[in-house]
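Working notes, beginning with the structure itself.
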Amino acid sequence: MKYDYIIAGAGCAGLSLLYGLLSDEQLQHKKILLIDKDTKKSNDRTWCFWEKEAGIFESIVHYQWKKLEFLTTDFETKFDLKQYKYKMIRGLDFYNHVLKLASKFTNVTFLNEDISAINADEKSAKVKTSKKVYTSKYVFNSTALFNPKITTKNSLLQHFKGWVIKTKTPVFNKEVGTLMDFRVHQNQGATFMYVLPTSSTEALIEYTLFSKAVLKEAAYVTELKNYIKNTLKIDEYEILHQEFGVIPMSLSKFTRQPKASKNIVNIGTAGGFTKASSGYTFQFIQKNTKAIIKNLREDKIPLKKISFREKMYHWYDKTLLDVLLSHKLQGKEVFSIMFKKLPPEVILAFLGNESTFLEELRIMNAVPIKAFLTSGLKQLK
């Protein structure tokens, strides 16, 4: 059978696209094939993001905060969010929500197979798995098949281990989420903790690093235990859930159109929708999904062209990443300077690619000029 669309990979990007297609009256009856080796039945990750209005996945937001804090060894700030809300969606809730909608459509096919290759000619694209070759008009790829080479010279890895813990007695202020706590050692590079409480006795605590290599399992566990005991002053707790992830933060170019084919479109991290300077992905996927749906509705090539503003943000990201890679400044130092000198929501707008030119000028004036200027000029070459 030939399909209209094949979605290669059932992660956040693939399932977001499927949800967008099935939510659109003009596109929901297209023949769609989704291929992934995983069945998406485990709560393997948590997405946190900020947005101003209610989003399309508002019904499955597990918790949200209107007050956040930033902590470091010599500076602390707690702030109310006036425009944004900081939100959390659990992986399994997201998977179940999308798959429940998909189960209502007989034109959607799911296959649990390993993808070995994706190719295209002028009229169609093909996905090869361990069992068969499947053909469609367009393939939307979120696998790593076309990813550029990631090296320690051009990239950092954002890697993290998180625990959801439950305490016996109330210890958390559920109204306040800790966006970054840099009061941990910086031996490996930029290192901080998230603390996102969903009740007075339950919170997600995540140990996060920007460095060139992941750690051994025991190192994450040790740091989480130390932080919970020595910083949060919690002795008795139960671990309800654990997760681990690695996100590339790279100067390498992730292309949206591999092999110069209009029939293959990279989405998610594969298409460059992971922000190089921070690792944030969820909201960039949603914006790209919206653009793809719009193009398909208008019978245009679904590829979202890179705008001038996006190119500017890519330059900002690469500049900051070069500053960190070249050790001109530590991540702790950069973020501390920004939160000391700038309104927090200006920083969030900038990290979400929603800032104005004036806000970007404020950020440029806030950070050390020499370090960022040399890295910025380098990334223009």
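By convention here, the chains of the structure tokens are called A, B, ... in the order presented, each chain's residues are numbered starting at 1, and ligands are numbered starting at 1 in the order presented.
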
Quiz item: Can you tell me, as a ChimeraX atom specification, what residues are no more than 6 Å from Ile35 of chain A when counting only C-alpha atoms, ignoring any on the same chain fewer than 5 positions away?
Solution: /A:8-9,111-112

Quiz item: Hey, what's within 12 Å of segment 283-288 of chain A if we count only C-alpha atoms and toss same-chain stuff fewer than 3 positions away? As JSON, numbers by chain, please?
Solution: {"A": [11, 12, 13, 14, 15, 16, 17, 18, 19, 20, 47, 48, 49, 50, 51, 52, 55, 56, 57, 86, 87, 88, 89, 140, 142, 256, 265, 266, 267, 268, 269, 270, 271, 272, 273, 274, 275, 276, 279, 280, 291, 292, 293, 294, 295, 302, 303, 304, 305, 306, 310, 351, 352, 353, 354]}

Selection file, C-alpha atoms, as a PDB file, in the first residue's frame:
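New file part_33.pdb:
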```pdb
ATOM      1  CA  GLY A  11       8.627  10.643  19.643  1.00  0.00           C
ATOM      2  CA  CYS A  12       7.418  14.126  20.488  1.00  0.00           C
ATOM      3  CA  ALA A  13       7.841  15.430  16.925  1.00  0.00           C
ATOM      4  CA  GLY A  14       6.266  12.454  15.173  1.00  0.00           C
ATOM      5  CA  LEU A  15       3.267  12.216  17.476  1.00  0.00           C
ATOM      6  CA  SER A  16       2.766  15.993  17.496  1.00  0.00           C
ATOM      7  CA  LEU A  17       2.584  15.906  13.708  1.00  0.00           C
ATOM      8  CA  LEU A  18       0.170  12.964  13.771  1.00  0.00           C
ATOM      9  CA  TYR A  19      -2.033  14.841  16.238  1.00  0.00           C
ATOM     10  CA  GLY A  20      -1.957  17.932  14.040  1.00  0.00           C
ATOM     11  CA  TRP A  47       8.535  17.968  28.882  1.00  0.00           C
ATOM     12  CA  CYS A  48       8.649  21.376  30.540  1.00  0.00           C
ATOM     13  CA  PHE A  49       8.067  24.584  28.597  1.00  0.00           C
ATOM     14  CA  TRP A  50       6.487  27.997  28.829  1.00  0.00           C
ATOM     15  CA  GLU A  51       3.756  29.640  26.785  1.00  0.00           C
ATOM     16  CA  LYS A  52       1.461  32.633  27.047  1.00  0.00           C
ATOM     17  CA  GLY A  55      -1.819  25.336  23.917  1.00  0.00           C
ATOM     18  CA  ILE A  56      -3.242  22.422  21.945  1.00  0.00           C
ATOM     19  CA  PHE A  57      -2.092  20.022  24.678  1.00  0.00           C
ATOM     20  CA  TYR A  86       5.661  27.320  33.032  1.00  0.00           C
ATOM     21  CA  LYS A  87       4.083  23.949  32.235  1.00  0.00           C
ATOM     22  CA  MET A  88       4.819  20.253  32.616  1.00  0.00           C
ATOM     23  CA  ILE A  89       3.572  17.386  30.440  1.00  0.00           C
ATOM     24  CA  PHE A 140       8.528  13.071   7.984  1.00  0.00           C
ATOM     25  CA  SER A 142      12.630  12.274  13.362  1.00  0.00           C
ATOM     26  CA  ARG A 256      15.414  20.216   7.420  1.00  0.00           C
ATOM     27  CA  VAL A 265      11.266  16.436   5.727  1.00  0.00           C
ATOM     28  CA  ASN A 266      13.245  16.233   8.952  1.00  0.00           C
ATOM     29  CA  ILE A 267      11.312  17.163  12.084  1.00  0.00           C
ATOM     30  CA  GLY A 268      12.167  17.418  15.775  1.00  0.00           C
ATOM     31  CA  THR A 269      15.831  17.299  16.724  1.00  0.00           C
ATOM     32  CA  ALA A 270      16.644  15.817  13.296  1.00  0.00           C
ATOM     33  CA  GLY A 271      15.346  18.999  11.661  1.00  0.00           C
ATOM     34  CA  GLY A 272      17.176  21.391  13.963  1.00  0.00           C
ATOM     35  CA  PHE A 273      14.231  22.137  16.256  1.00  0.00           C
ATOM     36  CA  THR A 274      16.235  21.535  19.424  1.00  0.00           C
ATOM     37  CA  LYS A 275      17.588  24.899  20.534  1.00  0.00           C
ATOM     38  CA  ALA A 276      21.373  24.596  20.354  1.00  0.00           C
ATOM     39  CA  GLY A 279      18.224  22.004  24.551  1.00  0.00           C
ATOM     40  CA  TYR A 280      14.606  23.219  24.628  1.00  0.00           C
ATOM     41  CA  ALA A 291       3.664  25.403   9.754  1.00  0.00           C
ATOM     42  CA  ILE A 292       3.709  21.929   8.167  1.00  0.00           C
ATOM     43  CA  ILE A 293      -0.058  21.542   8.552  1.00  0.00           C
ATOM     44  CA  LYS A 294      -0.617  24.963   6.977  1.00  0.00           C
ATOM     45  CA  ASN A 295       1.542  24.078   3.958  1.00  0.00           C
ATOM     46  CA  PRO A 302       5.526  20.892   3.737  1.00  0.00           C
ATOM     47  CA  LEU A 303       9.071  22.038   4.424  1.00  0.00           C
ATOM     48  CA  LYS A 304       9.154  25.104   6.672  1.00  0.00           C
ATOM     49  CA  LYS A 305      11.629  27.588   5.239  1.00  0.00           C
ATOM     50  CA  ILE A 306      14.089  29.199   7.612  1.00  0.00           C
ATOM     51  CA  GLU A 310      15.223  32.112  12.786  1.00  0.00           C
ATOM     52  CA  LEU A 351      15.123  31.370  24.952  1.00  0.00           C
ATOM     53  CA  GLY A 352      11.771  30.734  23.280  1.00  0.00           C
ATOM     54  CA  ASN A 353      12.698  32.713  20.123  1.00  0.00           C
ATOM     55  CA  GLU A 354       9.928  35.192  20.928  1.00  0.00           C
TER      56      GLU A 354
END
```

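Residue nearest Asn154 of chain A, chosen from A:Leu251, A:Ile205, A:Leu92, A:Leu240 and counting only C-alpha atoms: A:Leu251.
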
Quiz prompt | DSSP-assigned strand (DSSP E) members of segment 241-297 of chain A, reported as JSON, numbers by chain | solution = {"A": [241, 242, 243, 244, 245, 246, 247, 248, 249, 250, 264, 265, 266]}

Quiz item: Of the candidates A:Asp121, A:Asp44, A:Asp36, A:Glu58, which one gets nearest to Lys259 of chain A if we count only C-alpha atoms?
Solution: A:Asp121

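The two atoms in question, atom CA of Leu232 of chain A and atom CA of Val195 of chain A, are spaced 9.7 Å apart.
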
Exercise. Using only C-alpha atoms, determine which residues lie at most 12 Å from Phe350 of chain A, disregarding the query and same-chain residues fewer than 3 positions distant; provide the list as a PyMOL selection string.
Key: chain A and resi 50+275+277-278+280+309-310+312-314+316-317+338+342-347+353-364

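Ranking A:Phe282, A:Tyr84, A:Phe372, A:Tyr63 by their shortest atom-to-atom distance to Ser326 of chain A, with only C-alpha atoms included, puts A:Phe372 first.
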
Self-check item: Atom-to-atom span, atom CA of Val176 of chain A and atom CA of Glu76 of chain A, Å
Solution: 13.5 Å
